[in-house]
file final_7.cif (mmCIF, C-alpha atoms)
data_upload
#
loop_
_atom_site.label_atom_id
_atom_site.label_comp_id
_atom_site.auth_asym_id
_atom_site.auth_seq_id
_atom_site.Cartn_x
_atom_site.Cartn_y
_atom_site.Cartn_z
CA SER A 169 11.37 10.69 -42.17
CA CYS A 170 9.70 12.12 -39.07
CA GLY A 171 7.94 15.46 -39.16
CA ALA A 172 8.91 16.56 -35.67
CA PHE A 173 11.41 15.61 -33.00
CA VAL A 174 10.25 15.61 -29.37
CA PHE A 175 12.99 15.97 -26.74
CA PHE A 176 11.85 15.22 -23.20
CA ILE A 177 13.96 17.21 -20.75
CA THR A 178 14.75 15.46 -17.51
CA ASP A 179 17.67 15.59 -15.12
CA GLY A 180 20.48 13.50 -16.57
CA ILE A 181 19.13 13.30 -20.15
CA LEU A 182 22.22 15.10 -21.43
CA GLY A 183 24.34 12.29 -20.02
CA SER A 184 23.10 10.10 -22.85
CA GLU A 185 25.26 10.44 -25.94
CA TRP A 186 22.46 8.89 -28.02
CA CYS A 187 19.95 11.54 -26.94
CA LEU A 188 22.46 14.28 -27.74
CA GLN A 189 23.20 12.71 -31.13
CA GLU A 190 19.48 12.50 -31.95
CA MET A 191 19.11 16.20 -31.10
CA ARG A 192 22.06 17.01 -33.36
CA TRP A 193 20.49 15.02 -36.20
CA ALA A 194 17.19 16.86 -35.70
CA VAL A 195 19.08 20.15 -36.04
CA GLN A 196 21.11 18.89 -39.02
CA PHE A 197 18.01 17.70 -40.90
CA THR A 198 16.04 20.84 -39.91
CA LYS A 199 13.28 18.95 -38.15
CA THR A 200 10.69 20.73 -36.06
CA ILE A 201 12.00 20.37 -32.52
CA VAL A 202 9.56 20.23 -29.61
CA LEU A 203 11.04 20.51 -26.15
CA VAL A 204 9.02 19.07 -23.29
CA ARG A 205 10.21 19.67 -19.73
CA GLU A 206 9.35 17.34 -16.86
CA THR A 207 8.00 19.37 -13.92
CA ASP A 208 7.90 16.68 -11.23
CA GLU A 209 11.22 16.35 -9.38
CA ARG A 210 10.37 12.74 -8.50
CA HIS A 211 10.56 11.96 -12.23
CA GLY A 212 13.66 13.98 -13.07
CA GLY A 213 12.08 17.41 -13.30
CA LEU A 214 14.38 20.40 -13.01
CA GLU A 215 14.27 24.12 -13.65
CA MET A 216 15.16 25.22 -17.17
CA ASN A 217 18.04 27.44 -15.94
CA ALA A 218 19.62 24.44 -14.20
CA PHE A 219 19.18 22.37 -17.36
CA LEU A 220 20.71 25.02 -19.64
CA LYS A 221 23.90 24.98 -17.53
CA GLN A 222 24.35 21.32 -18.55
CA VAL A 223 23.76 21.76 -22.31
CA PRO A 224 26.80 21.31 -24.61
CA ASP A 225 27.90 24.52 -26.36
CA ASP A 226 26.95 23.32 -29.87
CA LEU A 227 23.31 22.82 -28.78
CA LEU A 228 22.91 25.75 -26.41
CA THR A 229 21.30 28.10 -28.94
CA VAL A 230 18.79 25.40 -29.92
CA PHE A 231 17.65 24.95 -26.33
CA LYS A 232 17.60 28.70 -25.67
CA ASN A 233 15.55 29.54 -28.78
CA ILE A 234 12.78 26.98 -28.24
CA ILE A 235 10.30 27.39 -25.42
CA ALA A 236 10.02 24.13 -23.50
CA ILE A 237 6.48 22.92 -22.89
CA PRO A 238 6.00 21.97 -19.25
CA TRP A 239 4.87 18.36 -18.73
CA TYR A 240 2.34 18.07 -15.92
CA ARG A 241 1.30 14.69 -14.60
CA GLN A 242 -2.02 15.75 -13.08
CA PRO A 243 -4.78 14.72 -15.53
CA ALA A 244 -6.36 18.17 -15.83
CA PHE A 245 -3.03 19.83 -16.63
CA ARG A 246 -1.64 16.90 -18.65
CA ALA A 247 -4.32 17.44 -21.29
CA VAL A 248 -3.07 21.02 -21.75
CA SER A 249 0.51 19.74 -22.07
CA ILE A 250 -0.52 17.21 -24.72
CA GLN A 251 -2.45 19.82 -26.71
CA SER A 252 0.57 22.15 -26.59
CA ILE A 253 2.90 19.39 -27.80
CA LEU A 254 0.58 18.49 -30.69
CA LYS A 255 0.27 22.13 -31.69
CA ALA A 256 4.05 22.71 -31.54
CA ALA A 257 4.63 19.58 -33.65
CA ALA A 258 1.91 20.64 -36.11
CA ILE A 259 0.08 17.36 -35.53
CA GLU A 260 -3.69 17.19 -35.81
CA ASP A 261 -5.40 15.77 -32.74
CA THR A 262 -7.43 12.99 -34.36
CA PHE A 263 -8.18 11.43 -30.99
CA ALA A 264 -10.35 14.38 -30.01
CA LYS A 265 -12.25 14.11 -33.31
CA ASP A 266 -12.71 10.35 -32.81
CA VAL A 267 -14.06 10.90 -29.30
CA GLU A 268 -16.39 13.58 -30.66
CA MET A 269 -17.67 11.21 -33.37
CA MET A 270 -18.16 8.39 -30.85
CA GLN A 271 -20.11 10.75 -28.57
CA ALA A 272 -22.34 11.81 -31.48
CA THR A 273 -22.98 8.15 -32.35
CA THR A 274 -23.73 7.35 -28.71
CA ASP A 275 -26.19 10.25 -28.54
CA THR A 276 -27.92 9.08 -31.72
CA LEU A 277 -28.23 5.52 -30.42
CA LYS A 278 -29.62 6.80 -27.12
CA ARG A 279 -32.27 8.79 -28.99
CA VAL A 280 -33.18 5.78 -31.15
CA PHE A 281 -33.48 3.36 -28.24
CA LYS A 282 -35.14 5.89 -25.96
CA ARG A 283 -38.18 5.83 -28.24
CA ARG A 284 -38.76 2.19 -27.33
CA SER A 285 -40.50 1.52 -24.06
CA LYS A 286 -38.91 -1.89 -23.50
CA CYS A 287 -35.37 -3.16 -23.77
CA THR A 288 -34.23 -3.82 -27.33
CA THR A 289 -32.32 -7.00 -28.14
CA ALA A 290 -30.51 -8.11 -31.28
CA PHE A 291 -33.42 -10.45 -31.95
CA ASP A 292 -35.86 -7.49 -31.84
CA VAL A 293 -33.82 -5.55 -34.38
CA ILE A 294 -33.31 -8.55 -36.70
CA SER A 295 -36.95 -9.57 -36.58
CA LYS A 296 -38.10 -6.03 -37.32
CA TYR A 297 -35.69 -5.17 -40.15
CA SER A 298 -34.75 -8.47 -41.82
CA TRP A 299 -37.36 -10.55 -43.63
CA ALA A 300 -34.89 -13.36 -44.33
CA MET A 301 -33.84 -13.64 -40.69
CA ARG A 302 -37.51 -13.76 -39.61
CA VAL A 303 -37.96 -16.83 -41.82
CA VAL A 304 -34.76 -18.41 -40.44
CA PHE A 305 -35.91 -17.88 -36.84
CA PHE A 306 -39.41 -19.08 -37.71
CA MET A 307 -37.92 -22.31 -39.06
CA GLY A 308 -36.01 -22.87 -35.86
CA GLY A 309 -32.67 -21.37 -36.74
CA PHE A 310 -30.21 -22.60 -39.29
CA ALA A 311 -31.82 -25.86 -40.25
CA GLN A 312 -30.40 -28.93 -41.95
CA PHE A 313 -32.90 -30.72 -44.17
CA LYS A 314 -32.73 -34.40 -45.15
CA ASN A 315 -33.58 -33.58 -48.74
CA SER A 316 -30.40 -32.17 -50.37
CA CYS A 317 -32.37 -30.06 -52.86
CA VAL A 318 -34.38 -28.38 -50.09
CA ASN A 319 -31.20 -27.96 -48.05
CA ALA A 320 -29.39 -26.34 -51.01
CA LEU A 321 -32.35 -24.03 -51.67
CA TYR A 322 -32.40 -23.03 -48.00
CA VAL A 323 -28.65 -22.23 -48.09
CA ILE A 324 -28.99 -20.20 -51.29
CA VAL A 325 -31.97 -18.21 -50.05
CA PHE A 326 -30.57 -17.55 -46.60
#
call {"tool": "encode", "arguments": {"input": "final_7.cif", "output": "structure tokens"}}
result
Amino acid sequence: SCGAFVFFITDGILGSEWCLQEMRWAVQFTKTIVLVRETDERHGGLEMNAFLKQVPDDLLTVFKNIIAIPWYRQPAFRAVSIQSILKAAAIEDTFAKDVEMMQATTDTLKRVFKRRSKCTTAFDVISKYSWAMRVVFFMGGFAQFKNSCVNALYVIVF
């Protein structure tokens, strides 16, 4: 039920029968296949030509016909790798949109609070915008009255 199959190429990955079987299933069920190649030798990175020499014959055309996206571990380059993977898998990058929306909200809040000369607290906001909460704070918080009728009225109103 997946939309795309990501195969992370590292030295020794083809020694796993399960990984090979998953690749065969992706081919059989015509899934979008995204190849990602580790570039750091410390983490199993190897050149594509060396990798292709290890590929079983039945999967060789699959690996030759798909361009492997290099996986870089340095943060500046990793972002490019991630964007390339998302694009190849036809997945929308909602994270970037979420970050954009959070930045817009942060900017709006900065503009709102910049207008005030002093620090704004939750009490300042509540007392300015909520009539009911002003009364509650004026009465000393959430009060308990001895008279049950007054207490019930207080609970209903607030």
call {"tool": "resolve_selection", "arguments": {"input": "final_7.cif", "expression": "the PyMOL selection byres ((chain A and resi 211) around 12)", "output": "list in words"}}
result
Phe176, Ile177, Thr178, Asp179, Gly180, Ile181, Arg205, Glu206, Thr207, Asp208, Glu209, Arg210, Gly212, Gly213, Leu214, Trp239, Tyr240 and Arg241 of chain A
call {"tool": "residues_around", "arguments": {"input": "final_7.cif", "residues": "region 184-194 of chain A", "least_positions_apart": "5", "cutoff": "12 Å", "atoms": "only C-alpha atoms", "output": "ChimeraX atom specification"}}
result
/A:169-179,199-203,222-231
call {"tool": "closest_residue", "arguments": {"input": "final_7.cif", "among": "A:Glu215, A:Val204, A:Lys296, A:Ala272", "to": "Leu254 (chain A)", "atoms": "only C-alpha atoms"}}
result
A:Val204
call {"tool": "atom_distance", "arguments": {"input": "final_7.cif", "atom1": "CA of Ser249 (chain A)", "atom2": "CA of Ile235 (chain A)"}}
result
12.9 Å
call {"tool": "atom_distance", "arguments": {"input": "final_7.cif", "atom1": "CA of Leu182 (chain A)", "atom2": "CA of Ala256 (chain A)"}}
result
22.1 Å
call {"tool": "atom_distance", "arguments": {"input": "final_7.cif", "atom1": "CA of Ile237 (chain A)", "atom2": "CA of Lys255 (chain A)"}}
result
10.8 Å
call {"tool": "decode", "arguments": {"input": "final_7.cif", "residues": "region 242-256 of chain A", "atoms": "all heavy atoms", "output": "mmCIF file, in the first residue's frame"}}
result
data_model
loop_
_atom_site.group_PDB
_atom_site.id
_atom_site.type_symbol
_atom_site.label_atom_id
_atom_site.label_comp_id
_atom_site.auth_asym_id
_atom_site.auth_seq_id
_atom_site.Cartn_x
_atom_site.Cartn_y
_atom_site.Cartn_z
ATOM 1 N N GLN A 242 26.558 15.897 5.672
ATOM 2 C CA GLN A 242 26.753 17.279 6.091
ATOM 3 C C GLN A 242 25.411 18.001 5.991
ATOM 4 O O GLN A 242 24.729 17.894 4.976
ATOM 5 C CB GLN A 242 27.787 17.995 5.206
ATOM 6 C CG GLN A 242 29.154 17.383 5.239
ATOM 7 C CD GLN A 242 29.318 16.268 4.202
ATOM 8 O OE1 GLN A 242 28.372 15.889 3.518
ATOM 9 N NE2 GLN A 242 30.514 15.725 4.110
ATOM 10 N N PRO A 243 25.025 18.743 7.038
ATOM 11 C CA PRO A 243 23.691 19.370 7.065
ATOM 12 C C PRO A 243 23.330 20.176 5.821
ATOM 13 O O PRO A 243 22.209 20.074 5.332
ATOM 14 C CB PRO A 243 23.752 20.267 8.315
ATOM 15 C CG PRO A 243 24.743 19.589 9.196
ATOM 16 C CD PRO A 243 25.779 19.001 8.272
ATOM 17 N N ALA A 244 24.243 20.957 5.302
ATOM 18 C CA ALA A 244 23.917 21.795 4.134
ATOM 19 C C ALA A 244 23.599 20.942 2.912
ATOM 20 O O ALA A 244 22.709 21.268 2.125
ATOM 21 C CB ALA A 244 25.080 22.732 3.829
ATOM 22 N N PHE A 245 24.311 19.850 2.740
ATOM 23 C CA PHE A 245 24.093 18.975 1.585
ATOM 24 C C PHE A 245 22.974 17.967 1.839
ATOM 25 O O PHE A 245 22.312 17.522 0.913
ATOM 26 C CB PHE A 245 25.386 18.247 1.219
ATOM 27 C CG PHE A 245 26.501 19.187 0.849
ATOM 28 C CD1 PHE A 245 27.619 19.302 1.654
ATOM 29 C CD2 PHE A 245 26.420 19.970 -0.285
ATOM 30 C CE1 PHE A 245 28.642 20.172 1.321
ATOM 31 C CE2 PHE A 245 27.433 20.847 -0.627
ATOM 32 C CZ PHE A 245 28.540 20.948 0.180
ATOM 33 N N ARG A 246 22.784 17.594 3.108
ATOM 34 C CA ARG A 246 21.734 16.632 3.459
ATOM 35 C C ARG A 246 20.361 17.168 3.069
ATOM 36 O O ARG A 246 19.507 16.425 2.588
ATOM 37 C CB ARG A 246 21.803 16.306 4.950
ATOM 38 C CG ARG A 246 20.797 15.259 5.376
ATOM 39 C CD ARG A 246 20.932 14.870 6.825
ATOM 40 N NE ARG A 246 21.031 16.042 7.680
ATOM 41 C CZ ARG A 246 21.860 16.134 8.706
ATOM 42 N NH1 ARG A 246 22.656 15.147 9.021
ATOM 43 N NH2 ARG A 246 21.879 17.224 9.444
ATOM 44 N N ALA A 247 20.150 18.462 3.254
ATOM 45 C CA ALA A 247 18.863 19.063 2.892
ATOM 46 C C ALA A 247 18.578 18.877 1.404
ATOM 47 O O ALA A 247 17.438 18.606 1.007
ATOM 48 C CB ALA A 247 18.853 20.543 3.263
ATOM 49 N N VAL A 248 19.610 18.995 0.573
ATOM 50 C CA VAL A 248 19.447 18.792 -0.873
ATOM 51 C C VAL A 248 19.100 17.327 -1.148
ATOM 52 O O VAL A 248 18.232 17.026 -1.972
ATOM 53 C CB VAL A 248 20.726 19.209 -1.635
ATOM 54 C CG1 VAL A 248 20.628 18.849 -3.104
ATOM 55 C CG2 VAL A 248 20.975 20.688 -1.454
ATOM 56 N N SER A 249 19.758 16.413 -0.441
ATOM 57 C CA SER A 249 19.463 14.988 -0.608
ATOM 58 C C SER A 249 18.007 14.696 -0.247
ATOM 59 O O SER A 249 17.298 13.995 -0.983
ATOM 60 C CB SER A 249 20.388 14.128 0.269
ATOM 61 O OG SER A 249 21.726 14.234 -0.143
ATOM 62 N N ILE A 250 17.559 15.239 0.859
ATOM 63 C CA ILE A 250 16.179 15.001 1.305
ATOM 64 C C ILE A 250 15.181 15.552 0.296
ATOM 65 O O ILE A 250 14.200 14.886 -0.053
ATOM 66 C CB ILE A 250 15.947 15.603 2.704
ATOM 67 C CG1 ILE A 250 16.744 14.808 3.746
ATOM 68 C CG2 ILE A 250 14.467 15.623 3.065
ATOM 69 C CD1 ILE A 250 16.794 15.441 5.110
ATOM 70 N N GLN A 251 15.421 16.756 -0.195
ATOM 71 C CA GLN A 251 14.523 17.340 -1.197
ATOM 72 C C GLN A 251 14.486 16.489 -2.463
ATOM 73 O O GLN A 251 13.421 16.294 -3.064
ATOM 74 C CB GLN A 251 14.948 18.774 -1.533
ATOM 75 C CG GLN A 251 14.695 19.757 -0.419
ATOM 76 C CD GLN A 251 13.230 19.817 -0.019
ATOM 77 O OE1 GLN A 251 12.338 19.839 -0.856
ATOM 78 N NE2 GLN A 251 12.979 19.837 1.274
ATOM 79 N N SER A 252 15.629 15.960 -2.867
ATOM 80 C CA SER A 252 15.688 15.103 -4.062
ATOM 81 C C SER A 252 14.916 13.811 -3.848
ATOM 82 O O SER A 252 14.221 13.334 -4.750
ATOM 83 C CB SER A 252 17.143 14.789 -4.410
ATOM 84 O OG SER A 252 17.850 15.970 -4.701
ATOM 85 N N ILE A 253 15.028 13.231 -2.666
ATOM 86 C CA ILE A 253 14.294 11.994 -2.349
ATOM 87 C C ILE A 253 12.795 12.254 -2.377
ATOM 88 O O ILE A 253 12.031 11.486 -2.965
ATOM 89 C CB ILE A 253 14.739 11.433 -0.982
ATOM 90 C CG1 ILE A 253 16.197 10.974 -1.043
ATOM 91 C CG2 ILE A 253 13.824 10.294 -0.533
ATOM 92 C CD1 ILE A 253 16.833 10.725 0.313
ATOM 93 N N LEU A 254 12.364 13.336 -1.742
ATOM 94 C CA LEU A 254 10.932 13.661 -1.723
ATOM 95 C C LEU A 254 10.399 13.885 -3.132
ATOM 96 O O LEU A 254 9.303 13.426 -3.475
ATOM 97 C CB LEU A 254 10.685 14.897 -0.857
ATOM 98 C CG LEU A 254 10.929 14.723 0.639
ATOM 99 C CD1 LEU A 254 10.819 16.054 1.354
ATOM 100 C CD2 LEU A 254 9.956 13.716 1.230
ATOM 101 N N LYS A 255 11.174 14.575 -3.943
ATOM 102 C CA LYS A 255 10.745 14.839 -5.318
ATOM 103 C C LYS A 255 10.652 13.540 -6.112
ATOM 104 O O LYS A 255 9.678 13.311 -6.836
ATOM 105 C CB LYS A 255 11.718 15.802 -5.984
ATOM 106 C CG LYS A 255 11.299 16.229 -7.370
ATOM 107 C CD LYS A 255 12.243 17.262 -7.938
ATOM 108 C CE LYS A 255 11.792 17.674 -9.323
ATOM 109 N NZ LYS A 255 12.698 18.655 -9.913
ATOM 110 N N ALA A 256 11.660 12.670 -5.977
ATOM 111 C CA ALA A 256 11.657 11.402 -6.710
ATOM 112 C C ALA A 256 10.504 10.504 -6.272
ATOM 113 O O ALA A 256 9.951 9.754 -7.074
ATOM 114 C CB ALA A 256 12.989 10.681 -6.514
#
